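Worksheet: the structure to be examined is printed underneath.
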Amino acid sequence: MSKVVYLDQNHWITMAQARFAPEKIQKAEEREAAAALWELTASGQVRLPLSMAHLVETAHRGLKSSRRRLARAMLDGYGGWHMLSPLVVRRYELVGAFSGTKLTATDVFTTAANSPFFDYTPSIGAAAPTAAHRPDDLSWQTAWASALLEDTLSPEELAASNAVIERWAATLSTLAQYMRDHPGDRDIRLVTAAHMLGDQGRDIAQALLIAGISSENTSAHLNEETVVDFFARLPFNGGVLEITQARLRNASDEWVRNDLNDLFYLACAAGYADHVVAEKKTGVFLQQAARALNTPRALVHVNLRSLVHDLQTPQETGRHP
């Protein structure tokens, strides 16, 4: 069975360089690993799904030739597979927490049309998807390819996107600074879980409604004694909990706009993929989260040579507890 490998954008850049300009990869080991990963992908042993984060970050590069090489490499390697929006995964993790249904890797990584968008509805528990050949799926893939190759963000769109992300980062920075300036005997995980509870209030209310749980009975499922474990046992939310609480312990660790994609998309992938290749800082946090959580997790790498080594090691078994 193919291994699902989610690559952060910087590693897709390395993959594009390996395809179009290998001399630009300074480390020979990384250049060889990228070439080996292309071979594993071409033979069907590996899937390299794309997400909306990849599309947005590629669009930020404008229409330079390097952007088109990057987009072409992504289209050559991804095979029509996408990862659901983390907002969708978060929503259905909450539904499953109350109703008993659980998202699986088959739900989160799919060839279904429109699957990277936040309003997509997954068919939880459906049969594993196959390569898309239906007219609507083919049209969707054509539209995705066109967007990856040609779309850019207008100054207005970019400003609006940046404003939302900056507000998110500022909220967490303010929380970290408050805890630094008002030291006390507090449970940082509980503080983080309370923040997540407020941030996800609407999704939690909808999940309770779908599960048929009245608002009067909410406290029986979510209260000060249970909220940390509630989030910790969810594959994506658990990763967000662990990374956020670790960072809140250090008020000097400034939150910036790129942190939103790194936290949400990489933590989401780490909950459901077989492997994640992250940028170094988030990768280390994800590795620490995997040690703290008791849910199956992806193997997390910070370079391609580590990934390829594990993929080529016979005893490698994919997702690990």
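Here, A, B, ... name the chains of the structure tokens in the order displayed, residue numbers run from 1 inside each chain, and ligands are numbered from 1 in the same displayed order.
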
Tell me, as a ChimeraX atom specification, which residues lie within 10 Å of Ala270 (chain A), counting only C-alpha atoms; anything in the same chain fewer than 5 positions away does not count.
-> /A:5-6,235-236,239,264-265,275-278,283,286-287,289-290,296-300,319

Excluding Ala73 (chain A) and residues on its chain fewer than 5 positions from it, collect all residues at most 12 Å away from it, counting only C-alpha atoms, and give them as a list in words.
->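 Everything that qualifies: Gln9, His11, Trp12, Ile13, Thr14, Met15, Ala16, Gln17, Ala18, Arg19, Phe20, Ala21, Ala34, Trp38, Thr41, Leu48, Leu50, Thr58, Ser66, Arg67, Arg68, Tyr78, Gly79, Ala145, Leu148 and Leu149 of chain A.
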
Next, write the just-selected residues to a file, as a short mmCIF file (atom, residue, chain, number, x, y, z; two decimals), in the first residue's frame, keeping N, CA, C and O atoms as the atom set.
```
data_model
loop_
_atom_site.label_atom_id
_atom_site.label_comp_id
_atom_site.auth_asym_id
_atom_site.auth_seq_id
_atom_site.Cartn_x
_atom_site.Cartn_y
_atom_site.Cartn_z
N GLN A 9 6.09 23.16 2.24
CA GLN A 9 6.40 23.86 0.99
C GLN A 9 7.90 23.91 0.70
O GLN A 9 8.31 23.75 -0.45
N HIS A 11 10.13 21.77 1.24
CA HIS A 11 10.60 20.49 0.69
C HIS A 11 10.06 20.26 -0.71
O HIS A 11 10.71 19.57 -1.51
N TRP A 12 8.90 20.82 -1.02
CA TRP A 12 8.44 20.79 -2.42
C TRP A 12 9.39 21.62 -3.29
O TRP A 12 9.64 21.26 -4.45
N ILE A 13 9.92 22.69 -2.75
CA ILE A 13 10.89 23.49 -3.52
C ILE A 13 12.12 22.64 -3.84
O ILE A 13 12.64 22.66 -4.96
N THR A 14 12.56 21.85 -2.85
CA THR A 14 13.69 20.95 -3.10
C THR A 14 13.34 19.92 -4.16
O THR A 14 14.16 19.61 -5.04
N MET A 15 12.11 19.39 -4.10
CA MET A 15 11.69 18.41 -5.11
C MET A 15 11.67 19.04 -6.50
O MET A 15 12.05 18.40 -7.50
N ALA A 16 11.23 20.30 -6.60
CA ALA A 16 11.22 20.98 -7.89
C ALA A 16 12.64 21.21 -8.39
O ALA A 16 12.94 21.04 -9.58
N GLN A 17 13.54 21.58 -7.50
CA GLN A 17 14.92 21.76 -7.90
C GLN A 17 15.53 20.45 -8.38
O GLN A 17 16.29 20.42 -9.35
N ALA A 18 15.20 19.35 -7.70
CA ALA A 18 15.72 18.05 -8.12
C ALA A 18 15.25 17.70 -9.52
O ALA A 18 15.97 17.04 -10.28
N ARG A 19 14.04 18.14 -9.87
CA ARG A 19 13.49 17.84 -11.19
C ARG A 19 14.05 18.77 -12.26
O ARG A 19 14.34 18.33 -13.38
N PHE A 20 14.23 20.06 -11.95
CA PHE A 20 14.55 21.05 -12.98
C PHE A 20 15.93 21.70 -12.83
O PHE A 20 16.47 22.20 -13.81
N ALA A 21 16.49 21.73 -11.62
CA ALA A 21 17.79 22.38 -11.43
C ALA A 21 18.51 21.75 -10.24
O ALA A 21 18.73 22.39 -9.21
N ALA A 34 15.92 13.50 -2.76
CA ALA A 34 14.84 14.02 -3.59
C ALA A 34 14.68 13.17 -4.85
O ALA A 34 13.55 12.84 -5.26
N TRP A 38 11.32 10.97 -5.89
CA TRP A 38 10.65 11.01 -7.19
C TRP A 38 10.45 9.59 -7.74
O TRP A 38 9.40 9.27 -8.29
N THR A 41 7.69 7.84 -5.82
CA THR A 41 6.39 8.39 -6.21
C THR A 41 5.97 7.84 -7.57
O THR A 41 4.81 7.44 -7.76
N LEU A 48 1.94 11.94 -2.59
CA LEU A 48 2.35 13.26 -2.12
C LEU A 48 1.17 14.21 -2.25
O LEU A 48 1.11 15.02 -3.18
N LEU A 50 -1.47 17.31 -1.99
CA LEU A 50 -1.38 18.76 -1.87
C LEU A 50 -2.53 19.29 -1.03
O LEU A 50 -3.56 18.63 -0.88
N THR A 58 2.16 28.95 -3.04
CA THR A 58 2.66 29.04 -4.41
C THR A 58 2.19 30.32 -5.07
O THR A 58 2.96 30.99 -5.78
N SER A 66 10.40 30.48 -11.55
CA SER A 66 10.62 29.54 -10.46
C SER A 66 9.30 29.04 -9.90
O SER A 66 9.19 27.89 -9.47
N ARG A 67 8.28 29.92 -9.89
CA ARG A 67 6.96 29.51 -9.42
C ARG A 67 6.37 28.46 -10.35
O ARG A 67 5.78 27.47 -9.91
N ARG A 68 6.52 28.64 -11.66
CA ARG A 68 5.95 27.68 -12.60
C ARG A 68 6.67 26.33 -12.51
O ARG A 68 6.04 25.28 -12.64
N TYR A 78 1.77 14.86 -7.44
CA TYR A 78 0.72 14.65 -6.44
C TYR A 78 -0.35 13.64 -6.84
O TYR A 78 -1.09 13.15 -5.98
N GLY A 79 -0.44 13.30 -8.11
CA GLY A 79 -1.33 12.23 -8.55
C GLY A 79 -2.81 12.47 -8.29
O GLY A 79 -3.61 11.52 -8.24
N ALA A 145 -4.99 22.55 -11.44
CA ALA A 145 -3.71 22.75 -12.14
C ALA A 145 -3.59 24.18 -12.63
O ALA A 145 -2.53 24.80 -12.52
N LEU A 148 -2.85 26.49 -9.70
CA LEU A 148 -1.50 26.33 -9.18
C LEU A 148 -0.48 27.00 -10.12
O LEU A 148 0.50 27.59 -9.66
N LEU A 149 -0.75 26.93 -11.41
CA LEU A 149 0.18 27.48 -12.38
C LEU A 149 0.02 28.98 -12.61
O LEU A 149 0.99 29.68 -12.87
#
```

9 Å contact set for Thr244 (chain A), only C-alpha atoms, chain neighbours under 2 positions out, as an NGL selection string = :A and (172 or 189 or 192 or 239-242 or 246-249 or 263)

Residues of region 50-148 of chain A within 9 Å of region 210-220 of chain A: nearest atom pair and distance (Å, one decimal) for each, counting only C-alpha atoms, sorted by chain and number, as a tab-separated table?
```
residue	atom	partner	partner_atom	distance
A:Val95	CA	A:Ala211	CA	6.9
A:Gly96	CA	A:Ala211	CA	8.5
A:Phe98	CA	A:Ala211	CA	5.8
A:Ser99	CA	A:Ala211	CA	5.0
A:Gly100	CA	A:Ala211	CA	8.8
```

Just asking: which residues within region 33-91 of chain A are strand (DSSP E) according to DSSP, as JSON, numbers by chain?
-> {"A": [46, 47, 82, 83]}

Which of A:Arg202, A:Arg47, A:Arg31, A:Arg291 sits closest to Met1 (chain A) [using only C-alpha atoms] |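 Checking each candidate against Met1 (chain A), we get A:Arg47 as the closest.
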
Taking the backbone alone, and naming residues the way the document does, which bits of region 91-265 of chain A are helix (DSSP H, G or I) by DSSP, as a ChimeraX atom specification?
-> /A:91-99,105-108,135-150,155-181,188-199,201-210,215-221,227-232,235-248,258-265
